[in-house]
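Let me begin by presenting the structure, written as structure tokens, before commenting on it.
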Amino acid sequence: MAESLLPFFQPKGVVVVGASTSPEKLGYGVARNLIQSGYAGAIHLVAQKSGELFGKTIHTSLKDIPDPVDLAILIVPTQSTPQVIEDCGQRGIKAAVIVSAGFREVGEEGAALEKQCLEVAQKHGVRLLGPNCIGTIDTHFPLDTTFLQPPMPTQGGVGFISHSGAFAAAIVDWARGQGFGFSRIVSLGNQADVNETDMLPMFAGDISTKVIVMYMESISDGRRFVRTASEVTRHKPVIALKVGRFEAGQKAAASHTGALAASDTAFDAAFEKSGVLRAETAEQMFDWARALENCPLPKGNKIGILTNAGGPGVIAADSLEHHGMVLTRLADTTLDALSAILPSAANTHNPVDMLASASPSQYAECLQILLADNNVDAVMVILPPPPMFKAEEVARKINEVIGKFDKPVVIALLGSTLVENAKDEFQNAGIPTYPFPERAASALAALVKRAKSLDRRPPTENYTVNSLRSAVRLPDELMQAYGIPTAPIKLARDENEAVAIANELGFPIVMKIASPDILHKSDVGGVLLDINDTAALQSGYAQMMKRMEKLVPPPRIDGVHLQRQVAGGQEVIVGMVHDQQFGPLMMFGSGGVEVEGLKDVAFALGPLNQAEAEVMMRQTWAGRKLKGFRSIPSVDEEAVKDVLVKLSQLAAEHEEIEEIEINPLRVLAKGAVAVDVRIKFADH
């Protein structure tokens, strides 16, 4: 499938349908860029009137175009587009970029026309990019099918996939002044056919693309995206800026799990599972891309800071800690070596402050000493305008050192006009620079996260449905079918039946009101604990029923649920909510009645393996506490991982389940027991 998209970036011949001799028309801009880009293949122009443009003959029919031609750029009236695609198909052209707007984005009539375009294209095996897009750029091939103002972007290693043409156009112009270039750029437009997931392997397979960045407004097929991105990120880093985080309105949830799974949570989980780095801002996305394009990956998160000013060093230290990195402790030999070349007033401990008088040679020598320290995984160099030297002299000396080590170095280059030449020196050497320490720290954090993601185990394989398990629908039976221990629960319809069941199960007993109308039973006095004998059971039953009679409106009461009380251990919550895009979204966190108040929860996309379950647990206090804390004894965290993995398997095999919640899962010194299990099936 990826080969069929190759003409969008490396065609043998291109035809512009709708070329124009009027400089204000898009058809003129596309023809100009295509010819001026240096594209070496065949270029053909088609318009309603014959003529000449940029020394090329303008034909009036696709039938007149000689071979080779495998890519068509369509800038024609919206209503004419289906027929032009038909003509392309008959001509044997297998790829077409629809630049024209006026399709799905304008309403039902446009959507119908877009559907017609797709149907015609599929009949002839033509792949469509767009409509309503700006096209493609390959700076190395080279090829420019867009109408953007020249010149074409600088060659580089960043591949850019964008849902927005306007955003892509703005970034292309912005990047010219930032010192980095692109390998490939694609604007996807309405994605009638080709979407972001289709394009990922195209960029990953491009030898010139070192890192892929994506501006995303949606995902066409969530599960396919996760599968594809998981494979791509094994070979190349992918950074996504997914916008539309906060959607107004959310369907009512039947559980804590559903209530806590905000609309954007699934995207976070999907990116985490597939190894995609999620940026918060456009600036951050390209800051990270610059580091990932140019720097080796660190072996850990221990960072050294080299500066000639104390203040920026403190800012850097704070920022590194904020991003989860460690200001490393330097080896004694490193401290001795630094002391030997720096003034006595300098600070040789991390952050290393060489003082304002630091020379280019001192910068270089100190950097070499830091990079040689086994306790240092990466270094941030802070360079404000030196008072006694030129910043570019420092840059040249630093660059000589960086290439000797397989460790990342990022530069916080503070200032403007006084460091302009230094910025050029670093850019020419492929060393990423940032105007402030905070942004340099963020870039280092991205390198660390990328390194960690490559160390993870391969993604869990998709589970196949087990027909015997699928036939089971009762919560306890489902748990048992998947090997998740439960505390048996039985329904008593009256007081006498409650006494009989309690004697069968054995005291102490927990009693809970059985009512489909009461979601949170403890809020209305519908839960009684520590019932140790028949008398306490009878008294508790009578009191509970009196409380239920006072509720308005009166709930339907089916009786009470009785369960042998499981004592000791720690309480956690384990759950799943089925996301329409990505499938089972697993939850883990602090359990009991305060789960929504504490919001000590983590989410991950299922199905999970043991390593993914452990990462998820470590994100919460509930998970970290399992090892014990002060007077809280340690419990069996392996049993919790086992439950998470099995529950995610259950969810993957039962797509008809919308939500599952075990609250609490009581974790004991050995083993774990699902005390209260709720399952919500989809309405079919």
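All residue names refer to the structure tokens as shown: chains lettered A, B, ... in order, residues numbered from 1 in each chain, ligands numbered from 1 in order.
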What parts of range 328-442 of chain A does DSSP call strand (DSSP E)? I'd like the answer as an mmCIF file with C-alpha atoms, in the first residue's frame.
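See result36.cif below for the written result:
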data_model
loop_
_atom_site.group_PDB
_atom_site.id
_atom_site.type_symbol
_atom_site.label_atom_id
_atom_site.label_comp_id
_atom_site.auth_asym_id
_atom_site.auth_seq_id
_atom_site.Cartn_x
_atom_site.Cartn_y
_atom_site.Cartn_z
ATOM 1 C CA VAL A 352 28.929 23.949 37.071
ATOM 2 C CA ASP A 353 29.212 27.770 37.189
ATOM 3 C CA ALA A 378 23.571 14.426 28.807
ATOM 4 C CA VAL A 379 24.642 18.056 29.179
ATOM 5 C CA MET A 380 22.889 21.391 28.897
ATOM 6 C CA VAL A 381 25.287 24.210 28.074
ATOM 7 C CA ILE A 382 24.034 27.692 28.984
ATOM 8 C CA LEU A 383 25.596 30.479 26.947
ATOM 9 C CA VAL A 409 24.315 18.177 24.263
ATOM 10 C CA VAL A 410 21.747 20.971 23.955
ATOM 11 C CA ILE A 411 22.530 24.674 24.089
ATOM 12 C CA ALA A 412 20.512 27.301 25.932
ATOM 13 C CA LEU A 413 21.676 30.277 23.873
ATOM 14 C CA THR A 433 19.913 25.663 20.399
ATOM 15 C CA TYR A 434 17.088 27.083 22.503
#
Could you make a table, as a tab-separated table, of the residues of range 502-548 of chain A that have an atom within 12 Å of an atom of range 585-600 of chain A, each with its nearest atom pair and distance in Å to one decimal, counting only C-alpha atoms, in chain and number order?
residue	atom	partner	partner_atom	distance
A:Leu519	CA	A:Val593	CA	11.9
A:His520	CA	A:Val593	CA	8.6
A:Lys521	CA	A:Val593	CA	9.8
A:Ser522	CA	A:Val593	CA	7.8
A:Asp523	CA	A:Val593	CA	8.9
A:Val527	CA	A:Val593	CA	11.3
Residues from the last selection, N, CA and C atoms, saved as a tab-separated table (two decimals), in the first residue's frame:
chain	number	residue	atom	x	y	z
A	519	LEU	N	-26.65	3.92	42.46
A	519	LEU	CA	-25.31	3.69	41.91
A	519	LEU	C	-24.26	3.65	43.02
A	520	HIS	N	-24.26	4.67	43.88
A	520	HIS	CA	-23.27	4.75	44.96
A	520	HIS	C	-23.97	4.42	46.28
A	521	LYS	N	-23.92	3.15	46.64
A	521	LYS	CA	-24.71	2.63	47.76
A	521	LYS	C	-24.31	3.22	49.11
A	522	SER	N	-23.02	3.45	49.29
A	522	SER	CA	-22.56	3.95	50.59
A	522	SER	C	-23.08	5.36	50.86
A	523	ASP	N	-23.39	6.13	49.81
A	523	ASP	CA	-23.87	7.50	49.99
A	523	ASP	C	-25.24	7.55	50.65
A	527	VAL	N	-24.65	0.29	52.63
A	527	VAL	CA	-23.55	-0.67	52.83
A	527	VAL	C	-23.30	-0.82	54.33
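The interatomic distance for the pair CA of Thr81 in chain A and CA of Ser61 in chain A works out to 14.2 Å.
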Can you pull out every residue within 10 Å of Leu71 in chain A, counting only C-alpha atoms, but drop anything in the same chain fewer than 5 positions away, and send it as JSON, numbers by chain?
{"A": [5, 6, 7, 8, 9, 10, 11, 12, 13, 14, 15, 16, 43, 88, 92, 93, 94, 95, 96, 97, 126, 127, 145]}
Would you export the selected residues with C-alpha atoms as a short mmCIF file (atom, residue, chain, number, x, y, z; two decimals), in the first residue's frame, please?
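Written file, selection_26.cif:
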data_model
loop_
_atom_site.label_atom_id
_atom_site.label_comp_id
_atom_site.auth_asym_id
_atom_site.auth_seq_id
_atom_site.Cartn_x
_atom_site.Cartn_y
_atom_site.Cartn_z
CA LEU A 5 1.59 6.60 -2.29
CA LEU A 6 5.13 7.07 -3.60
CA PRO A 7 4.02 9.26 -6.58
CA PHE A 8 2.90 11.91 -4.07
CA PHE A 9 6.58 12.50 -3.24
CA GLN A 10 8.66 10.93 -5.99
CA PRO A 11 6.62 10.85 -9.20
CA LYS A 12 8.03 10.04 -12.64
CA GLY A 13 5.84 12.70 -14.20
CA VAL A 14 3.40 15.36 -12.94
CA VAL A 15 0.46 17.05 -14.62
CA VAL A 16 -1.08 20.25 -13.27
CA ILE A 43 6.07 18.30 -16.09
CA CYS A 88 -7.05 10.61 -14.68
CA GLY A 92 -3.61 5.55 -16.03
CA ILE A 93 -2.65 8.18 -13.42
CA LYS A 94 -2.71 6.52 -9.99
CA ALA A 95 -2.29 9.50 -7.63
CA ALA A 96 -4.08 12.84 -7.49
CA VAL A 97 -3.86 15.87 -5.19
CA VAL A 126 -6.48 6.27 -8.00
CA ARG A 127 -5.25 7.40 -4.56
CA THR A 145 3.35 20.49 -5.55
#
Residue neighbourhood range 358-368 of chain A, 9 Å, only C-alpha atoms, exclusion window fewer than 5 positions, as a count of residues only
28
Mind checking which residues fall within 10 Å of Thr57 in chain A, counting only C-alpha atoms, ignoring those fewer than 2 positions away in the same chain, and posting them as a list of chain:residue names?
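So the residues in contact are A:Ile43, A:His44, A:Leu45, A:Val46, A:Ser50, A:Gly51, A:Glu52, A:Leu53, A:Phe54, A:Gly55, A:His59, A:Thr60.
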